[in-house]
Structure formats: structure tokens, C-alpha cells
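> What follows is final.cif, mmCIF, C-alpha atoms.
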data_structure
loop_
_atom_site.label_atom_id
_atom_site.label_comp_id
_atom_site.auth_asym_id
_atom_site.auth_seq_id
_atom_site.Cartn_x
_atom_site.Cartn_y
_atom_site.Cartn_z
CA PRO A 1 110.06 50.06 130.38
CA THR A 2 111.36 49.20 126.94
CA PRO A 3 111.26 45.41 126.37
CA PRO A 4 114.64 43.80 125.63
CA ARG A 5 115.44 43.43 121.98
CA ALA A 6 115.75 39.98 120.48
CA PRO A 7 119.29 39.10 119.43
CA ILE A 8 119.96 39.92 115.81
CA THR A 9 120.97 37.06 113.55
CA PRO A 10 123.65 38.11 111.05
CA ALA A 11 122.34 38.28 107.51
CA PRO A 12 123.18 35.25 105.39
CA ARG A 13 126.27 35.77 103.29
CA LEU A 14 125.78 36.47 99.61
CA VAL A 15 127.47 33.75 97.61
CA LYS A 16 128.92 34.01 94.14
CA GLY A 17 126.84 31.98 91.71
CA GLU A 18 123.68 32.01 93.82
CA GLU A 19 121.88 34.02 91.15
CA GLN A 20 122.60 31.27 88.59
CA LEU A 21 120.56 28.63 90.42
CA PRO A 22 117.15 27.56 89.12
CA VAL A 23 114.39 29.58 90.82
CA ASP A 24 113.09 26.81 93.10
CA MET A 25 116.59 25.75 94.15
CA ARG A 26 117.55 29.38 94.77
CA LYS A 27 114.54 29.87 97.06
CA ARG A 28 115.38 26.72 99.05
CA PHE A 29 119.00 27.74 99.27
CA SER A 30 118.20 31.24 100.55
CA LEU A 31 115.94 29.87 103.32
CA ARG A 32 118.53 27.27 104.27
CA LYS A 33 121.32 29.83 104.54
CA GLU A 34 119.15 31.80 106.94
CA GLN A 35 118.50 28.66 108.99
CA VAL A 36 122.22 27.86 109.17
CA ALA A 37 122.86 31.41 110.45
CA VAL A 38 120.15 30.93 113.11
CA SER A 39 121.63 27.59 114.22
CA LEU A 40 125.12 29.09 114.49
CA ARG A 41 123.81 31.94 116.62
CA LYS A 42 121.96 29.51 118.92
CA HIS A 43 125.24 27.72 119.56
CA GLY A 44 127.20 30.91 120.16
CA ALA A 45 129.00 30.87 116.83
CA ALA A 46 127.45 33.74 114.88
CA GLY A 47 129.76 35.00 112.17
CA VAL A 48 132.36 32.23 112.45
CA THR A 49 134.16 31.02 109.34
CA ALA A 50 135.34 27.54 108.46
CA ARG A 51 136.50 25.51 105.51
CA VAL A 52 133.84 22.87 104.82
CA ILE A 53 134.67 19.44 103.40
CA LEU A 54 131.93 17.05 102.33
CA VAL A 55 132.39 13.26 102.43
CA LEU A 56 129.93 10.88 100.78
CA ASP A 57 129.81 7.14 101.43
CA ALA A 58 129.57 5.39 98.04
CA SER A 59 129.55 1.80 99.33
CA GLY A 60 127.16 -0.74 97.85
CA SER A 61 124.66 -0.50 100.69
CA MET A 62 124.13 3.17 99.83
CA SER A 63 122.66 2.33 96.39
CA PHE A 64 119.05 2.88 97.44
CA LEU A 65 119.82 6.30 98.95
CA TYR A 66 121.53 7.36 95.72
CA SER A 67 118.81 6.06 93.42
CA LYS A 68 116.04 7.75 95.42
CA GLY A 69 117.80 11.14 95.36
CA VAL A 70 118.43 11.19 99.11
CA VAL A 71 122.17 11.77 98.74
CA ALA A 72 121.66 14.53 96.17
CA ASP A 73 119.27 16.25 98.58
CA VAL A 74 121.86 15.98 101.37
CA VAL A 75 124.48 17.64 99.16
CA GLU A 76 122.10 20.48 98.30
CA ARG A 77 121.38 21.04 102.00
CA MET A 78 125.10 20.99 102.87
CA ALA A 79 125.85 23.59 100.19
CA ALA A 80 124.01 26.09 102.41
CA VAL A 81 126.33 25.23 105.33
CA ALA A 82 129.41 25.87 103.19
CA ALA A 83 127.91 29.08 101.85
CA GLN A 84 127.36 30.43 105.35
CA LEU A 85 130.66 29.26 106.88
CA ASP A 86 133.20 29.45 104.07
CA ASP A 87 134.45 32.82 102.83
CA ASP A 88 134.33 31.76 99.18
CA GLY A 89 131.26 29.54 99.55
CA GLU A 90 133.07 26.61 97.95
CA MET A 91 133.12 23.11 99.36
CA GLN A 92 135.78 20.45 98.85
CA ALA A 93 134.33 16.97 98.43
CA TRP A 94 135.33 13.32 98.54
CA THR A 95 133.60 10.05 97.84
CA PHE A 96 134.75 6.69 99.20
CA ALA A 97 134.05 2.99 99.52
CA SER A 98 136.95 0.56 99.09
CA ASN A 99 139.08 3.58 98.15
CA PRO A 100 138.72 7.36 98.49
CA ALA A 101 138.46 9.70 95.52
CA ARG A 102 138.57 13.49 95.45
CA LEU A 103 135.67 15.10 93.63
CA PRO A 104 135.78 18.51 91.93
CA ASP A 105 135.18 21.40 94.32
CA LEU A 106 131.52 22.31 94.59
CA THR A 107 130.79 25.91 93.63
CA LEU A 108 127.27 27.15 94.05
CA GLY A 109 126.63 28.19 90.47
CA ASP A 110 127.50 24.65 89.34
CA LEU A 111 125.32 22.89 91.92
CA PRO A 112 122.68 21.35 89.57
CA GLU A 113 125.33 20.04 87.17
CA TRP A 114 127.55 18.90 90.06
CA LEU A 115 124.72 16.83 91.52
CA GLN A 116 124.14 15.10 88.19
CA ARG A 117 127.79 14.38 87.50
CA HIS A 118 129.31 13.53 90.87
CA VAL A 119 126.66 12.10 93.23
CA ARG A 120 127.22 8.46 92.30
CA VAL A 121 127.48 5.11 94.07
CA GLY A 122 130.57 2.92 93.80
CA GLU A 123 130.84 0.03 91.35
CA LEU A 124 132.20 -3.50 91.53
CA THR A 125 134.54 -4.77 88.84
CA LEU A 126 135.75 -8.34 88.58
CA PHE A 127 138.87 -7.41 86.64
CA ARG A 128 141.46 -4.72 87.18
CA ARG A 129 141.19 -2.31 84.29
CA LYS A 130 143.88 0.25 83.65
CA LYS A 131 141.88 2.16 81.07
CA PRO A 132 139.25 4.57 82.41
CA ARG A 133 135.64 3.86 81.64
CA LYS A 134 134.45 5.34 78.36
CA GLY A 135 131.90 8.11 78.41
CA LEU A 136 132.99 9.80 81.64
CA LEU A 137 132.16 13.49 81.74
CA PRO A 138 134.81 16.08 82.73
CA GLY A 139 135.78 15.63 86.38
CA GLN A 140 133.85 12.41 86.84
CA VAL A 141 135.50 9.67 88.88
CA ASP A 142 135.61 6.13 87.52
CA MET A 143 133.51 4.58 90.28
CA ARG A 144 135.01 1.14 89.61
CA ALA A 145 138.18 2.47 91.26
CA VAL A 146 136.13 3.51 94.31
CA GLY A 147 134.60 0.05 94.74
CA ILE A 148 131.82 -0.94 97.13
CA GLN A 149 133.37 -1.85 100.51
CA ASN A 150 133.71 0.28 103.68
CA GLU A 151 137.23 1.64 104.26
CA GLU A 152 136.63 4.85 106.19
CA GLN A 153 140.17 4.99 107.55
CA LYS A 154 141.62 5.48 104.05
CA LEU A 155 139.36 8.46 103.46
CA ILE A 156 140.13 10.00 106.85
CA ALA A 157 143.86 9.66 106.19
CA GLU A 158 143.54 11.30 102.77
CA VAL A 159 141.53 14.24 104.10
CA ARG A 160 144.05 14.72 106.92
CA THR A 161 146.84 14.86 104.37
CA TYR A 162 144.93 17.39 102.29
CA VAL A 163 144.41 19.66 105.30
CA ARG A 164 148.10 19.49 106.22
CA GLU A 165 149.21 20.24 102.67
CA HIS A 166 146.62 23.01 102.17
CA PRO A 167 146.56 24.99 105.44
CA ALA A 168 143.77 27.51 105.84
CA ALA A 169 143.30 30.50 108.11
CA ALA A 170 140.00 29.07 109.34
CA PRO A 171 139.44 25.65 110.95
CA THR A 172 138.01 22.81 108.88
CA LEU A 173 134.60 21.20 109.38
CA VAL A 174 134.25 17.76 107.78
CA LEU A 175 130.65 16.70 107.11
CA PHE A 176 130.82 12.93 106.73
CA PHE A 177 127.69 11.02 105.60
CA SER A 178 127.51 7.23 105.78
CA ASP A 179 124.97 4.45 106.27
CA GLY A 180 127.34 2.53 108.53
CA GLY A 181 128.75 -0.92 108.06
CA VAL A 182 131.85 0.23 109.97
CA TYR A 183 134.26 -2.60 110.76
CA ARG A 184 137.75 -1.05 110.63
CA ASN A 185 137.29 0.21 114.16
CA LYS A 186 140.93 0.11 115.30
CA GLU A 187 142.22 1.82 112.18
CA ILE A 188 139.52 4.51 112.28
CA GLU A 189 140.11 5.18 115.98
CA ALA A 190 143.86 5.49 115.38
CA GLU A 191 143.34 8.04 112.59
CA LEU A 192 140.91 10.18 114.59
CA ARG A 193 143.05 10.05 117.73
CA GLU A 194 146.08 11.19 115.73
CA ALA A 195 143.97 14.00 114.28
CA VAL A 196 143.08 15.45 117.68
CA ASP A 197 145.77 18.16 117.48
CA GLU A 198 144.81 19.14 113.94
CA PRO A 199 142.48 22.08 113.14
CA VAL A 200 139.67 19.78 111.99
CA PHE A 201 136.33 18.81 113.49
CA TRP A 202 134.82 15.58 112.14
CA GLN A 203 131.01 15.56 112.12
CA PHE A 204 129.67 12.13 111.21
CA VAL A 205 126.03 11.66 110.23
CA GLY A 206 124.51 8.19 110.06
CA LEU A 207 121.88 7.59 107.40
CA GLY A 208 119.94 4.70 108.89
CA ARG A 209 120.17 2.07 111.61
CA SER A 210 123.33 0.25 110.57
CA ASP A 211 126.45 -0.48 112.64
CA TYR A 212 128.53 2.67 113.12
CA GLY A 213 131.10 1.02 115.34
CA VAL A 214 133.69 3.31 116.90
CA LEU A 215 132.15 6.43 115.34
CA GLU A 216 129.12 6.07 117.62
CA ARG A 217 131.31 5.52 120.69
CA PHE A 218 133.87 8.24 120.08
CA ASP A 219 132.25 10.83 122.34
CA THR A 220 132.89 8.61 125.35
CA LEU A 221 136.42 7.49 124.46
CA PRO A 222 138.94 8.96 126.92
CA GLY A 223 142.50 10.10 126.39
CA ARG A 224 142.03 13.03 124.00
CA ARG A 225 142.93 16.69 124.63
CA VAL A 226 139.70 17.77 122.98
CA ASP A 227 136.65 16.01 121.56
CA ASN A 228 137.25 16.36 117.81
CA VAL A 229 134.41 14.09 116.66
CA GLY A 230 130.63 14.45 116.59
CA PHE A 231 128.09 11.78 115.64
CA PHE A 232 124.36 11.37 115.26
CA ALA A 233 122.17 9.08 113.16
CA VAL A 234 118.74 9.56 111.63
CA ASP A 235 116.37 6.97 110.17
CA ASP A 236 115.20 9.18 107.29
CA ILE A 237 117.23 12.33 106.73
CA SER A 238 114.83 13.51 104.03
CA GLY A 239 112.13 13.77 106.67
CA VAL A 240 114.24 15.85 109.08
CA PRO A 241 113.36 19.56 108.82
CA ASP A 242 116.19 21.93 107.94
CA ALA A 243 116.05 23.66 111.33
CA GLU A 244 116.50 20.36 113.20
CA LEU A 245 119.17 19.05 110.83
CA TYR A 246 121.33 22.18 111.02
CA ASP A 247 120.92 22.40 114.80
CA ARG A 248 122.17 18.85 115.20
CA LEU A 249 124.86 19.22 112.56
CA LEU A 250 126.32 22.35 114.16
CA SER A 251 125.77 21.57 117.84
CA GLU A 252 129.30 20.39 118.72
CA PHE A 253 131.46 22.30 116.23
CA PRO A 254 131.26 25.67 118.07
CA SER A 255 132.24 24.17 121.44
CA TRP A 256 135.14 22.33 119.77
CA MET A 257 136.26 25.66 118.25
CA ARG A 258 136.30 27.34 121.64
CA GLU A 259 138.27 24.54 123.27
CA ALA A 260 140.62 24.13 120.31
CA ARG A 261 141.35 27.87 120.39
CA ARG A 262 142.09 27.68 124.12
CA LEU A 263 144.56 24.85 123.44
CA ASN A 264 146.16 26.70 120.50
CA ILE A 265 145.03 24.00 118.06
CA ILE A 266 143.43 26.70 115.92
#
Could you quickly redo this structure as C-alpha cells?

Amino acid sequence: PTPPRAPITPAPRLVKGEEQLPVDMRKRFSLRKEQVAVSLRKHGAAGVTARVILVLDASGSMSFLYSKGVVADVVERMAAVAAQLDDDGEMQAWTFASNPARLPDLTLGDLPEWLQRHVRVGELTLFRRKKPRKGLLPGQVDMRAVGIQNEEQKLIAEVRTYVREHPAAAPTLVLFFSDGGVYRNKEIEAELREAVDEPVFWQFVGLGRSDYGVLERFDTLPGRRVDNVGFFAVDDISGVPDAELYDRLLSEFPSWMREARRLNII
């Protein structure tokens, strides 16, 4: 008898600008796209599309992760997720600490330059300055306006507004990276509960062993039509292999899509 054939994983999508990447980055990116496709198939979501939004914690406690290149590496790895899920391969991005700030959209061909210009930690200023900092490159955010505290609820509210004002045919996957220090638990819970009927899945990733507050407990909080939030934390994300990272990152999004579709949320 003929042995059963192994399921075929859809080929990774070709992305505009991929050919412009430096050789080493292009090789990493190609392998990562393939791994994202494998992870999606494992979770029953082969061929799905989604708008991907990246959120980067820029609070003061993140300084070490920025200076060591950990955050830049995370962004590079997430670019492969957007390339495989998003039709145009682009990724909207925000940074936040005391205040949120929209970053320029990340297009693949601009990835090396984007990492250098926009992966930056917040800054503390003792005086309110109306004039922007001198020497900012095109598109760069004045990180003094972002600050150094943790105000996740402001960022969540801003992204929700963006999604409402810019509807898309596909659902939205928010990839939210933070090292914790969460203390606005009531405000965060209120925002995410209100977002339950919106076509957005919020995937939070903890970068360390800090206090993640309500984000860590959200899976067990009752009273929602559908579980619209995922969370996991890792001690050292740089040491997590791509296969494991993408499996964990995409484990809950497909099941949310199925339930949200059943409830006519998407």
C-alpha cells in the first residue's frame, strides 16, 4: 500500500523588498518565513492572512535589552511573521512608555535602516520642551515625549482607535513585547474587555521575569465572549529557537480566528 503523504506546507510568500536585504539577513529571513508557515499549518491556519501590528515597550527598564540588540533581533524575527501573514508584507509599529508614539510602517526592504532609526528606548526629561530634539532623522520619534514609565493602557487605546479608523479585510494580530512592570491593571483590563468585539487579537510576550499583572491573568478572566488575549513570558528570548518562538507566538491566534468568525466578529 502507498504510504500516506505528509501534509504540504504552503510556500512562504514572496515579499517586495526581500531581495534588497543584506545576504545574511536575507538568508535568516527566508528560513524564518518557512518556519512561520510551518507553525501556522500546525495550528490549522495555513494560508490565513492578517494585518500585523508590532508594539515595543520603551520604558526605562528595557534599556539593557535595547543596548544589547535584543529588541532589534525581536523586530527582525517579527518581520517574518508580517511577511507571511500580511498581503503587502508591511507591519505597522508603535513604541510606548509614559506615552505611545506611532513609528513609520516597517517595509522589508527598509529593515536594516528601520532597525537603526526606530528601535530606541524612551528618555527622561526634567523640563517640558516644545521644540523637537535636534538631529532627529526622518521619521524618528523624539523619545523624550515617550518617556520612561509604563502606561500600557494608553497604547492599547491608541491602537484600538487606529484599527477602527483604518478597517481592514483581514483581522489584526498585535504582537506586544514588554518586560513587565505592569501596574495600571484596572485600566488595561477595561481596554481589553472593551476590545473583545473588535477584530483584533492581542498577543503579549514578556521579556523576563517582571510583574505582568493582569496580562498574565487574562486567560482565566471570565465574562468575555471570546478570549482575545494571549500571553507568555521567556527569560531570554534571544535563546529561544525560531521554531519554538513562532509556535508559541501563533498558538492562540488561529483558535481566536475560528471563534471570532463563528461570532461574526471577523
> So that each row is one residue of stretch 76-140 of chain A with an atom at most 12 Å from stretch 175-182 of chain A, can you give its shortest atom pair and the distance in Å to one decimal, using all atoms listed in the file, rows by chain and rising number, as CSV?

residue,atom,partner,partner_atom,distance
A:Arg77,CA,A:Leu175,CA,11.4
A:Met78,CA,A:Leu175,CA,8.2
A:Ala79,CA,A:Leu175,CA,10.9
A:Val81,CA,A:Leu175,CA,9.7
A:Ala82,CA,A:Leu175,CA,10.0
A:Met91,CA,A:Leu175,CA,10.4
A:Gln92,CA,A:Leu175,CA,10.4
A:Ala93,CA,A:Leu175,CA,9.4
A:Trp94,CA,A:Phe176,CA,9.4
A:Thr95,CA,A:Phe176,CA,9.7
A:Phe96,CA,A:Ser178,CA,9.8
A:Ala97,CA,A:Ser178,CA,10.0
A:Val121,CA,A:Ser178,CA,11.9
> Spell out the residues picked by the PyMOL selection byres ((chain A and resi 87) around 12) here, as an MDAnalysis selection string.
chainID A and resid 12:16 47:52 81:86 88:91 168:171
> Store the residues of this selection in a file with C-alpha atoms, as a short mmCIF file (atom, residue, chain, number, x, y, z; two decimals), in the frame of the given file.

data_model
loop_
_atom_site.label_atom_id
_atom_site.label_comp_id
_atom_site.auth_asym_id
_atom_site.auth_seq_id
_atom_site.Cartn_x
_atom_site.Cartn_y
_atom_site.Cartn_z
CA PRO A 12 123.18 35.25 105.39
CA ARG A 13 126.27 35.77 103.29
CA LEU A 14 125.78 36.47 99.61
CA VAL A 15 127.47 33.75 97.61
CA LYS A 16 128.92 34.01 94.14
CA GLY A 47 129.76 35.00 112.17
CA VAL A 48 132.36 32.23 112.45
CA THR A 49 134.16 31.02 109.34
CA ALA A 50 135.34 27.54 108.46
CA ARG A 51 136.50 25.51 105.51
CA VAL A 52 133.84 22.87 104.82
CA VAL A 81 126.33 25.23 105.33
CA ALA A 82 129.41 25.87 103.19
CA ALA A 83 127.91 29.08 101.85
CA GLN A 84 127.36 30.43 105.35
CA LEU A 85 130.66 29.26 106.88
CA ASP A 86 133.20 29.45 104.07
CA ASP A 88 134.33 31.76 99.18
CA GLY A 89 131.26 29.54 99.55
CA GLU A 90 133.07 26.61 97.95
CA MET A 91 133.12 23.11 99.36
CA ALA A 168 143.77 27.51 105.84
CA ALA A 169 143.30 30.50 108.11
CA ALA A 170 140.00 29.07 109.34
CA PRO A 171 139.44 25.65 110.95
#
> With only C-alpha atoms as the basis for distance, which of A:Arg41, A:Arg262, A:Lys27, A:Arg217 is at the shortest distance from A:Leu250?
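Checking each candidate against A:Leu250, we get A:Arg41 as the closest.
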> Pick out the closest residue to A:Arg160 from this set: A:Met143, A:Val74, A:Leu263, A:Ile53. Count only C-alpha atoms.
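Of all the options, A:Ile53 lies closest to A:Arg160.
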> List the residues matched by the PyMOL selection byres ((chain A and resi 189) around 12) in the displayed structure as a VMD selection string, ordered by chain and then by residue number.
chain A and resid 152 to 153 156 to 157 182 to 188 190 to 196 213 to 219 221 to 224 228 to 229
> Would you compute the box with edges along x, y and z of the file around stretch 173-178 of chain A, including every atom the file lists for it and 4 Å extra on each side, and give its centre and edge lengths in Å to one decimal, as lines of an AutoDock Vina configuration file?

center_x = 131.1
center_y = 14.2
center_z = 107.5
size_x = 15.1
size_y = 22.0
size_z = 11.8
> Could you list the residues chosen by the PyMOL selection byres ((chain A and resi 43-46) around 12) in this structure as a ChimeraX atom specification?
/A:7-13,34-42,47-50,84-85,246-258
> Since we have the selection now, will you write its residues out, keeping C-alpha atoms, as a CSV table (one decimal), in the coordinates of the input?

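In the end it all went to selection13.csv:
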chain,number,residue,atom,x,y,z
A,7,PRO,CA,119.3,39.1,119.4
A,8,ILE,CA,120.0,39.9,115.8
A,9,THR,CA,121.0,37.1,113.6
A,10,PRO,CA,123.6,38.1,111.0
A,11,ALA,CA,122.3,38.3,107.5
A,12,PRO,CA,123.2,35.2,105.4
A,13,ARG,CA,126.3,35.8,103.3
A,34,GLU,CA,119.2,31.8,106.9
A,35,GLN,CA,118.5,28.7,109.0
A,36,VAL,CA,122.2,27.9,109.2
A,37,ALA,CA,122.9,31.4,110.4
A,38,VAL,CA,120.2,30.9,113.1
A,39,SER,CA,121.6,27.6,114.2
A,40,LEU,CA,125.1,29.1,114.5
A,41,ARG,CA,123.8,31.9,116.6
A,42,LYS,CA,122.0,29.5,118.9
A,47,GLY,CA,129.8,35.0,112.2
A,48,VAL,CA,132.4,32.2,112.4
A,49,THR,CA,134.2,31.0,109.3
A,50,ALA,CA,135.3,27.5,108.5
A,84,GLN,CA,127.4,30.4,105.4
A,85,LEU,CA,130.7,29.3,106.9
A,246,TYR,CA,121.3,22.2,111.0
A,247,ASP,CA,120.9,22.4,114.8
A,248,ARG,CA,122.2,18.8,115.2
A,249,LEU,CA,124.9,19.2,112.6
A,250,LEU,CA,126.3,22.4,114.2
A,251,SER,CA,125.8,21.6,117.8
A,252,GLU,CA,129.3,20.4,118.7
A,253,PHE,CA,131.5,22.3,116.2
A,254,PRO,CA,131.3,25.7,118.1
A,255,SER,CA,132.2,24.2,121.4
A,256,TRP,CA,135.1,22.3,119.8
A,257,MET,CA,136.3,25.7,118.2
A,258,ARG,CA,136.3,27.3,121.6
> Nearest to A:Val205 among A:Phe232, A:Tyr162, A:Phe29, A:Phe64, with distances taken over all atoms listed in the file: which residue is it?
A:Phe232
> Of the candidates A:Thr107, A:Ser238, A:Ser61, A:Asn150, which one gets nearest to A:Glu18 if we count all atoms listed in the file?
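Comparing A:Thr107, A:Ser238, A:Ser61, A:Asn150 against A:Glu18, the winner is A:Thr107.
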> What's the separation between atom CA of A:Gln149 and atom CA of A:Leu115, in Å to one decimal place?
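Result for atom CA of A:Gln149 versus atom CA of A:Leu115: 22.5 Å, one decimal.
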> Any idea what the distance is between atom CA of A:Leu65 and atom CA of A:Leu111?
18.8 Å
> If you measure from atom CA of A:Ala101 to atom CA of A:Glu158, what distance in Å do you get, rounded to one decimal?
9.0 Å
> List the neighbours of A:Asn264 out to 10 Å using all atoms listed in the file; skip same-chain residues closer than 3 positions along the sequence, and give me the result as an MDAnalysis selection string.
chainID A and resid 197 199 258:261
> Give the answer as one residue: which of A:Asp57, A:Asp110, A:Glu76, A:Arg120 has the shortest atom-to-atom distance to A:Gln20, using only C-alpha atoms?
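Ranked by minimum distance to A:Gln20, first place goes to A:Asp110.
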> Nearest to A:Pro22 among A:Pro132, A:Gly109, A:Phe201, A:Arg225, with distances taken over all atoms listed in the file: which residue is it?
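Closest candidate: A:Gly109.
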